[in-house]
Structures are given as C-alpha cells and as structure tokens.
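> Dropping in input26.csv, with CSV, C-alpha atoms.
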```
chain,number,residue,atom,x,y,z
A,270,MET,CA,-28.5,-88.5,-29.1
A,271,THR,CA,-30.0,-86.2,-31.7
A,272,ASN,CA,-32.2,-84.5,-29.1
A,273,THR,CA,-29.2,-83.9,-26.9
A,274,VAL,CA,-27.2,-82.2,-29.7
A,275,GLU,CA,-30.2,-80.1,-30.7
A,276,GLY,CA,-30.6,-79.0,-27.0
A,277,ALA,CA,-27.0,-78.0,-26.8
A,278,VAL,CA,-27.2,-76.0,-30.0
A,279,SER,CA,-30.4,-74.3,-28.7
A,280,GLN,CA,-28.6,-73.3,-25.5
A,281,VAL,CA,-25.7,-71.8,-27.4
A,282,GLN,CA,-28.0,-69.9,-29.7
A,283,GLU,CA,-29.9,-68.6,-26.7
A,284,MET,CA,-26.6,-67.5,-25.0
A,285,PHE,CA,-25.5,-65.4,-28.0
A,286,THR,CA,-28.9,-64.0,-28.6
A,287,THR,CA,-29.8,-63.0,-25.0
A,288,THR,CA,-28.0,-59.9,-23.6
A,289,PRO,CA,-26.4,-60.4,-20.2
A,290,GLU,CA,-27.7,-58.4,-17.3
A,291,TRP,CA,-24.5,-56.6,-16.6
A,292,VAL,CA,-24.3,-55.4,-20.2
A,293,THR,CA,-27.8,-54.1,-20.0
A,294,THR,CA,-27.0,-52.3,-16.8
A,295,ALA,CA,-23.8,-50.8,-18.4
A,296,GLN,CA,-25.8,-49.6,-21.4
A,297,GLU,CA,-28.4,-47.9,-19.2
A,298,MET,CA,-25.7,-46.2,-17.1
A,299,LEU,CA,-23.9,-45.1,-20.2
A,300,ALA,CA,-27.0,-43.7,-21.7
A,301,GLN,CA,-27.8,-41.9,-18.4
A,302,PHE,CA,-24.4,-40.6,-17.5
A,303,GLY,CA,-22.4,-40.6,-20.8
A,304,LEU,CA,-23.5,-37.2,-21.9
A,305,LYS,CA,-23.0,-35.8,-18.4
A,306,ILE,CA,-19.5,-37.2,-18.3
A,307,VAL,CA,-18.7,-35.7,-21.7
A,308,ALA,CA,-20.1,-32.4,-20.6
A,309,ALA,CA,-18.0,-32.5,-17.4
A,310,ILE,CA,-14.9,-33.2,-19.3
A,311,LEU,CA,-15.6,-30.3,-21.7
A,312,VAL,CA,-16.3,-27.9,-18.8
A,313,PHE,CA,-13.0,-28.9,-17.2
A,314,VAL,CA,-10.9,-28.6,-20.4
A,315,ILE,CA,-12.5,-25.3,-21.5
A,316,GLY,CA,-12.4,-23.9,-18.0
A,317,ARG,CA,-8.7,-24.8,-17.6
A,318,TRP,CA,-7.9,-23.0,-20.9
A,319,VAL,CA,-9.9,-19.9,-19.8
A,320,ALA,CA,-8.1,-19.9,-16.4
A,321,LYS,CA,-4.7,-19.9,-18.1
A,322,GLN,CA,-5.8,-17.1,-20.4
A,323,LEU,CA,-7.1,-15.0,-17.5
A,324,ARG,CA,-3.8,-15.6,-15.6
A,325,THR,CA,-1.8,-14.5,-18.6
A,326,LEU,CA,-4.0,-11.4,-19.1
A,327,LEU,CA,-3.8,-10.4,-15.5
A,328,ARG,CA,-0.1,-10.8,-15.4
A,329,LYS,CA,0.4,-8.7,-18.5
A,330,THR,CA,-2.0,-6.0,-17.1
A,331,LEU,CA,-0.1,-5.8,-13.8
A,332,GLU,CA,3.3,-5.8,-15.5
A,333,SER,CA,2.2,-3.0,-17.8
A,334,ALA,CA,1.1,-1.0,-14.7
A,335,LYS,CA,4.7,-1.6,-13.4
A,336,VAL,CA,3.4,-3.4,-10.3
A,337,ASP,CA,6.0,-5.1,-8.1
A,338,ALA,CA,7.0,-8.6,-9.5
A,339,ALA,CA,6.1,-10.3,-6.2
A,340,ILE,CA,2.5,-8.9,-6.4
A,341,VAL,CA,2.2,-9.9,-10.0
A,342,GLY,CA,3.2,-13.5,-9.4
A,343,PHE,CA,1.1,-13.9,-6.2
A,344,THR,CA,-2.0,-12.2,-7.6
A,345,SER,CA,-2.0,-14.1,-10.9
A,346,SER,CA,-1.4,-17.5,-9.2
A,347,LEU,CA,-4.2,-16.8,-6.6
A,348,ALA,CA,-6.6,-15.8,-9.3
A,349,HIS,CA,-5.8,-18.9,-11.3
A,350,ALA,CA,-6.3,-21.2,-8.3
A,351,ALA,CA,-9.6,-19.6,-7.4
A,352,PHE,CA,-10.9,-19.9,-11.0
A,353,MET,CA,-9.8,-23.6,-11.1
A,354,VAL,CA,-11.7,-24.3,-7.9
A,355,PHE,CA,-14.8,-22.9,-9.6
A,356,VAL,CA,-14.2,-25.0,-12.8
A,357,VAL,CA,-13.8,-28.2,-10.8
A,358,LEU,CA,-17.0,-27.6,-8.9
A,359,ALA,CA,-18.8,-26.8,-12.2
A,360,ALA,CA,-17.5,-30.1,-13.7
A,361,LEU,CA,-18.6,-32.1,-10.7
A,362,GLY,CA,-22.0,-30.5,-10.9
A,363,GLN,CA,-22.4,-31.7,-14.5
A,364,ILE,CA,-22.2,-35.4,-13.4
A,365,GLY,CA,-24.7,-34.9,-10.7
A,366,VAL,CA,-22.4,-34.5,-7.7
A,367,GLN,CA,-24.0,-32.2,-5.0
A,368,THR,CA,-21.4,-29.4,-4.7
A,369,THR,CA,-23.3,-27.5,-2.0
A,370,SER,CA,-21.4,-29.4,0.7
A,371,PHE,CA,-18.1,-28.7,-0.9
A,372,ILE,CA,-18.9,-25.0,-1.2
A,373,ALA,CA,-19.9,-24.9,2.5
A,374,VAL,CA,-16.7,-26.7,3.5
A,375,LEU,CA,-14.6,-24.3,1.4
A,376,GLY,CA,-16.5,-21.3,2.9
A,377,ALA,CA,-16.0,-22.5,6.4
A,378,ALA,CA,-12.3,-23.2,5.8
A,379,GLY,CA,-11.9,-19.8,4.2
A,380,LEU,CA,-13.5,-18.1,7.1
A,381,ALA,CA,-11.3,-19.9,9.6
A,382,VAL,CA,-8.2,-19.0,7.7
A,383,GLY,CA,-9.3,-15.4,7.4
A,384,LEU,CA,-9.9,-15.1,11.1
A,385,ALA,CA,-6.6,-16.7,11.9
A,386,LEU,CA,-4.7,-14.5,9.5
A,387,GLN,CA,-6.7,-11.3,9.6
A,388,GLY,CA,-3.7,-9.2,10.7
A,389,SER,CA,-1.5,-10.7,8.0
A,390,LEU,CA,-4.2,-10.4,5.4
A,391,ALA,CA,-4.8,-6.7,6.3
A,392,ASN,CA,-1.0,-6.1,5.9
A,393,PHE,CA,-1.0,-7.9,2.6
A,394,ALA,CA,-4.0,-5.9,1.3
A,395,ALA,CA,-2.3,-2.7,2.4
A,396,GLY,CA,0.9,-3.7,0.8
A,397,VAL,CA,-0.9,-4.3,-2.5
A,398,LEU,CA,-2.4,-0.8,-2.2
A,399,VAL,CA,1.0,0.7,-1.6
A,400,LEU,CA,2.5,-1.0,-4.6
A,401,LEU,CA,-0.5,-0.2,-6.8
A,402,PHE,CA,-1.2,3.5,-5.9
A,403,ARG,CA,2.4,4.4,-4.8
A,404,PRO,CA,1.7,7.0,-2.2
A,405,PHE,CA,5.5,6.9,-1.6
A,406,LYS,CA,8.5,5.1,-3.1
A,407,VAL,CA,11.9,4.0,-2.0
A,408,GLY,CA,14.0,7.0,-1.3
A,409,ASP,CA,11.2,9.3,-0.3
A,410,PHE,CA,11.3,11.1,3.0
A,411,VAL,CA,7.9,10.4,4.7
A,412,GLU,CA,6.0,10.6,7.9
A,413,GLY,CA,3.5,8.0,8.8
A,414,ALA,CA,2.4,5.6,11.6
A,415,GLY,CA,4.4,7.7,14.1
A,416,ALA,CA,7.7,7.4,12.3
A,417,THR,CA,9.6,9.8,10.1
A,418,GLY,CA,12.5,9.0,7.8
A,419,VAL,CA,13.6,7.8,4.4
A,420,VAL,CA,11.8,4.8,2.9
A,421,LYS,CA,14.4,2.0,2.3
A,422,GLU,CA,12.3,-1.0,1.4
A,423,ILE,CA,8.7,-1.8,0.5
A,424,HIS,CA,7.5,-5.4,1.0
A,425,ILE,CA,4.2,-7.1,0.8
A,426,PHE,CA,3.6,-7.0,4.5
A,427,THR,CA,5.9,-4.3,5.9
A,428,THR,CA,7.6,-1.0,5.0
A,429,THR,CA,11.1,-0.2,6.3
A,430,ILE,CA,12.1,3.4,7.1
A,431,THR,CA,15.4,4.7,8.3
A,432,THR,CA,15.1,7.7,10.6
A,433,PRO,CA,17.4,10.8,10.5
A,434,ASP,CA,19.4,9.4,13.4
A,435,ASN,CA,19.9,6.1,11.5
A,436,LYS,CA,17.4,3.9,13.3
A,437,ARG,CA,15.6,1.3,11.2
A,438,VAL,CA,11.8,1.2,11.7
A,439,ILE,CA,9.8,-1.7,10.3
A,440,ILE,CA,6.1,-0.7,10.0
A,441,PRO,CA,3.2,-3.1,9.2
A,442,ASN,CA,1.6,-1.9,6.0
A,443,ALA,CA,-1.9,-1.9,7.5
A,444,LYS,CA,-0.7,0.6,10.1
A,445,MET,CA,1.1,2.6,7.5
A,446,MET,CA,-1.9,2.9,5.2
A,447,GLY,CA,-4.4,3.3,8.2
A,448,ASP,CA,-3.4,6.9,8.9
A,449,ASN,CA,-2.2,10.1,7.2
A,450,ILE,CA,1.0,9.8,5.2
A,451,ILE,CA,3.1,12.9,4.7
A,452,ASN,CA,5.4,12.6,1.7
A,453,TYR,CA,8.0,15.4,1.9
A,454,SER,CA,9.8,14.3,-1.3
A,455,SER,CA,6.9,13.9,-3.7
A,456,GLU,CA,6.7,17.5,-4.9
A,457,GLY,CA,10.4,18.1,-5.3
A,458,THR,CA,10.5,21.4,-3.4
A,459,ARG,CA,9.8,22.4,0.2
A,460,ARG,CA,9.3,25.7,2.0
A,461,LEU,CA,11.3,26.5,5.1
A,462,ASP,CA,9.3,28.0,8.0
A,463,LEU,CA,11.7,30.0,10.0
A,464,THR,CA,11.0,32.7,12.7
A,465,ALA,CA,13.2,35.7,13.5
A,466,SER,CA,12.3,37.8,16.5
A,467,ILE,CA,13.2,41.5,17.2
A,468,SER,CA,12.4,43.8,20.1
A,469,TYR,CA,9.6,46.4,20.0
A,470,GLY,CA,12.2,49.2,19.8
A,471,ASP,CA,13.8,47.9,16.6
A,472,SER,CA,12.9,48.9,13.0
A,473,ILE,CA,10.8,46.3,11.3
A,474,ASP,CA,11.9,47.6,7.8
A,475,THR,CA,15.6,47.3,8.7
A,476,ALA,CA,15.0,43.7,10.0
A,477,LYS,CA,13.0,42.7,6.9
A,478,ALA,CA,15.7,44.1,4.5
A,479,ALA,CA,18.5,42.3,6.4
A,480,LEU,CA,16.6,39.0,6.5
A,481,MET,CA,15.8,39.2,2.7
A,482,ASP,CA,19.4,40.0,1.9
A,483,GLU,CA,20.6,36.9,3.9
A,484,ILE,CA,18.0,34.7,2.1
A,485,MET,CA,19.2,35.9,-1.4
A,486,LYS,CA,22.8,35.3,-0.5
A,487,GLU,CA,22.0,31.6,0.0
A,488,ALA,CA,22.6,30.0,-3.4
A,489,ARG,CA,20.4,27.0,-2.7
A,490,VAL,CA,17.3,29.1,-2.1
A,491,LEU,CA,15.0,29.1,-5.1
A,492,LYS,CA,14.0,32.3,-6.9
A,493,ASP,CA,10.6,30.8,-7.9
A,494,PRO,CA,8.5,30.6,-5.8
A,495,ALA,CA,9.9,33.8,-4.4
A,496,PRO,CA,11.0,34.0,-0.7
A,497,PHE,CA,8.8,35.9,1.7
A,498,VAL,CA,9.6,37.9,4.9
A,499,GLY,CA,6.8,39.5,7.0
A,500,VAL,CA,5.5,40.1,10.5
A,501,SER,CA,3.7,36.9,11.7
A,502,SER,CA,2.8,38.0,15.3
A,503,MET,CA,3.4,40.5,18.0
A,504,SER,CA,4.2,38.5,21.1
A,505,ASP,CA,4.5,39.6,24.7
A,506,SER,CA,8.2,40.3,24.5
A,507,SER,CA,9.0,40.4,20.7
A,508,ILE,CA,7.9,41.1,17.2
A,509,ASP,CA,8.1,37.8,15.3
A,510,LEU,CA,9.0,37.8,11.6
A,511,ALA,CA,8.1,34.9,9.4
A,512,VAL,CA,11.0,33.9,7.0
A,513,ARG,CA,9.7,31.7,4.1
A,514,PRO,CA,12.2,30.7,1.5
A,515,TRP,CA,11.7,27.7,-0.9
A,516,VAL,CA,14.4,25.1,-1.6
A,517,ASN,CA,14.8,21.7,-3.3
A,518,ALA,CA,13.6,18.9,-1.0
A,519,ALA,CA,17.1,17.4,-0.8
A,520,ASP,CA,18.5,20.8,0.4
A,521,TYR,CA,15.9,21.3,3.2
A,522,TRP,CA,18.0,20.5,6.2
A,523,PRO,CA,21.3,22.0,5.1
A,524,VAL,CA,19.6,25.3,4.2
A,525,PHE,CA,17.6,25.2,7.4
A,526,PHE,CA,20.6,25.1,9.6
A,527,ALA,CA,22.7,27.5,7.5
A,528,LEU,CA,20.0,30.1,7.4
A,529,ASN,CA,19.3,30.0,11.1
A,530,GLU,CA,22.9,30.7,11.8
A,531,ALA,CA,23.2,33.4,9.1
A,532,ILE,CA,20.0,35.1,10.5
A,533,LYS,CA,21.4,35.2,14.0
A,534,LYS,CA,24.7,36.7,12.9
A,535,ARG,CA,23.0,39.3,10.6
A,536,LEU,CA,20.6,40.5,13.2
A,537,GLU,CA,23.5,41.1,15.6
A,538,ALA,CA,25.5,42.8,12.9
A,539,GLU,CA,22.6,45.2,12.2
A,540,GLY,CA,22.4,46.1,15.9
A,541,LEU,CA,19.0,44.5,16.2
A,542,THR,CA,18.0,43.0,19.5
A,543,ILE,CA,17.0,39.4,19.7
A,544,PRO,CA,14.7,39.6,22.7
A,545,PHE,CA,14.0,37.0,25.4
A,546,PRO,CA,11.1,36.7,27.7
A,547,GLN,CA,11.2,39.2,30.5
A,548,ARG,CA,8.9,40.4,33.2
A,549,ASP,CA,8.8,43.7,35.1
A,550,VAL,CA,8.4,43.3,38.8
A,551,HIS,CA,7.3,46.3,40.9
A,552,LEU,CA,7.9,46.3,44.6
A,553,TYR,CA,5.8,48.4,46.9
A,554,GLN,CA,6.7,49.1,50.5
A,555,HIS,CA,4.0,48.9,53.0
A,556,ASN,CA,4.5,50.7,56.3
A,557,ALA,CA,2.7,49.0,59.1
A,558,GLU,CA,1.2,51.4,61.7
```
I'd like the structure from this file rewritten - as structure tokens, please.


Amino acid sequence: MTNTVEGAVSQVQEMFTTTPEWVTTAQEMLAQFGLKIVAAILVFVIGRWVAKQLRTLLRKTLESAKVDAAIVGFTSSLAHAAFMVFVVLAALGQIGVQTTSFIAVLGAAGLAVGLALQGSLANFAAGVLVLLFRPFKVGDFVEGAGATGVVKEIHIFTTTITTPDNKRVIIPNAKMMGDNIINYSSEGTRRLDLTASISYGDSIDTAKAALMDEIMKEARVLKDPAPFVGVSSMSDSSIDLAVRPWVNAADYWPVFFALNEAIKKRLEAEGLTIPFPQRDVHLYQHNAE
C-alpha cells in the first residue's frame, strides 16, 4: 500500500515539474514571432497615424490653393488609401508574410483597371489640371476642341460650353486640354479687326479721318490702347484700310456690329466709293477673209 501511494505522489510531482509539449511549442513560437508581431502592430498603428496626417495636410494644401472641393475630397481619399495599402504590406512583411505575390496581384489589377478606364482616367487627369492651373473659368468666352462659347460648368471629366447660338456642348477634358485653348476673356480687353475698303480714285486721308472720327464717336471704344487706322493692303479692286479699336471683352460683339454699320454709312456720307470686284472685258472683232 505504501509503495502505491509513493508511486502516485511521484507521478503527480513529475506531472507538475515536467513542461507539456504544447507549452514548449507555444513558448518557442512566442519567442520566434512575438517581437515580429509587436513590430507589425507598431508599423500598422504608426503608419495609420501618418496616413491620417498626410491626408489632412494634403486637404489643407489643396484647400489653400482654392482647388475644387470634389478634387480635394477625391485626391485626399485616394492618397490615404494608397498609403494604407503600403502600410498593410509593410506590417505583413514584419511577420514574415511574402508580400511579393500581393504586390504582383495589385500591380496586375491596377494595370487591368487602367487599360479598361484609360479614357476616363485621361479625362480625370485633364480635369485635375484644369482645376489646378485654371486656363479658363466659368463665365469665360473660350475656343477649344473645335467649339467656341461661354464656359458654363467645369467637372472632373467634362467641360460644358454654351455657344453664341445657345447650343450646349459637352467636351471631354482630355480633348479640351489636348489642343490649343484660346481664352478671349482672360485679358479683359480685346481688339476689333475691321476692314474698310475704298476705290483707287478716293482719298486715303479723307477715308482715314472719317474712320477715326467714327471710332472716337463710339463711347465703348477704349482710349488706351489708342485705336489705329491704316492701309493694310492694295487689292485688285480696292484699297483696304485696317480699323483697329480696343474695347472691353464684354463689349466686343456689340461694338463690332455697331462700328461696321457706322463705317458703311460714314463712307457713303463722305462720297467715298465702296468698291466691289470687277473685271474689264475687251472684245476684238476678227474679220475672216
């Protein structure tokens, strides 16, 4: 009986003094991966904080530059998401996960999406450039992408223009930024390029004085820069006079039509001839023998 009791006590002592195998395995794994897990958590926490700070900094920078609110929100969110992807990959790398395959998958997915949406991405990039560099703004009279009119709306992907005959033209931003843009409103003033023609038998001095007088009568013509009248060419049937007054951009078309009418009436009142193309035809009689 005594031997049995002693044996049981010995087994109990051995049970408490001998470390189980699973505990040993857990200790080894903790020693091997514990620091890596802690490092991964630190990388994720610190990276997440840095991502938030960068998003806030980017948002404030764009807002201070008076960038469109849609661009600010989209750009800051996109930058935050991209940085968080980098943080997650860095954290996984700390615990020994091979991130090469993840990067390859993300790269392939990004390439596929880029090829599928290359037109939309090009329009988006061009829209960002329009809103950042402002080659034109809402209300400007512009010419671009084969259309001419007043800019009504500027969106991320498209620009809307209303033509002088009240047609709405919606232009993809990539096409708008891919060619020359003529902004007639950006400088505030514009020069009218008019032409008045007189015959070769008329006095150039009389015509120039009459034209300058009509220009100065128009109250919307600017004194500075000073208007100009001079001979631009000697055509086959006429002497062409260049009439170059300056006006405010908003007055361009009203003054254009008003001066054309006034010039026609003044030339007639001065007795000056407004020539038209003509040809002299000489007829010769041939007597047949």

> Of the candidates A:Ala350, A:Val356, A:Val419, A:Met446, which shows the shortest atom-to-atom distance to Phe393 in chain A, using only C-alpha atoms?

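Closest residue, counting only C-alpha atoms: A:Met446.
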
> If you count all atoms listed in the file, which residues fall within 10 Å of Arg317 in chain A, apart from same-chain ones fewer than 2 positions away, as a PyMOL selection string?

chain A and resi 311-315+319-323+349+352-353+356-357

> If you measure from CA of Ile430 in chain A to CA of Asn529 in chain A, what distance in Å do you get, rounded to one decimal?

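Atom-to-atom, CA of Ile430 in chain A and CA of Asn529 in chain A are spaced 27.8 Å apart.
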
> Choose the residue, out of A:Ser506, A:Thr344, A:Ser501, A:Asn517, that has the smallest atom-to-atom separation from Ser455 in chain A; count all atoms listed in the file.

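Among the listed residues, A:Asn517 lies closest to Ser455 in chain A.
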
> Work out how far CA of Asp520 in chain A is from CA of Ile532 in chain A, in Å to one decimal.

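It comes out at 17.6 Å.
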
> For Phe426 in chain A, which residue among A:Ser507, A:Asn392, A:Thr369, A:Thr330 is the nearest when counting all atoms listed in the file?

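The answer is A:Asn392, which sits nearest to Phe426 in chain A.
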
> My list of candidates is A:Leu401, A:Leu347, A:Ile364, A:Ile440. Which is closest to Val420 in chain A when distances are computed with only C-alpha atoms?

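Among the listed residues, A:Ile440 lies closest to Val420 in chain A.
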
> Could you check which residues have any atom within 12 Å of (0.1, 14.5, 1.8), counting all atoms listed in the file with coordinates taken straight from the file, and then list them as a VMD selection string?

chain A and resid 404 to 405 410 to 413 448 to 456

> Using Å and a single decimal, report how far CA of Tyr469 in chain A sits from CA of Ile484 in chain A.

23.0 Å

> I'd like the contact shell of range 521-525 of chain A - 8 Å cut-off, all atoms listed in the file, skipping same-chain residues fewer than 4 positions apart - returned as a PyMOL selection string.

chain A and resi 459+461+487+489-490+516-517+529

> Could you pull the residues within 12 Å of Glu537 in chain A, counting all atoms listed in the file, minus those fewer than 3 positions along the same chain, as a list in words?

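The neighbour list is Ala465, Ser466, Ile467, Asp471, Ala476, Ala479, Leu480, Glu530, Ala531, Ile532, Lys533, Lys534, Gly540, Leu541, Thr542, Ile543 and Pro544 of chain A.
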
> For a quick check of understanding, using all atoms listed in the file, which of A:Val500, A:Ala334, A:Ala518, A:Ala308 has the smallest distance to Ala360 in chain A?

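For Ala360 in chain A, the nearest of the given residues is A:Ala308.
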
> A:Ser472, A:Lys477, A:Leu361, A:Leu400: which is nearest Glu332 in chain A, counting all atoms listed in the file?

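Counting all atoms listed in the file, the residue closest to Glu332 in chain A is A:Leu400.
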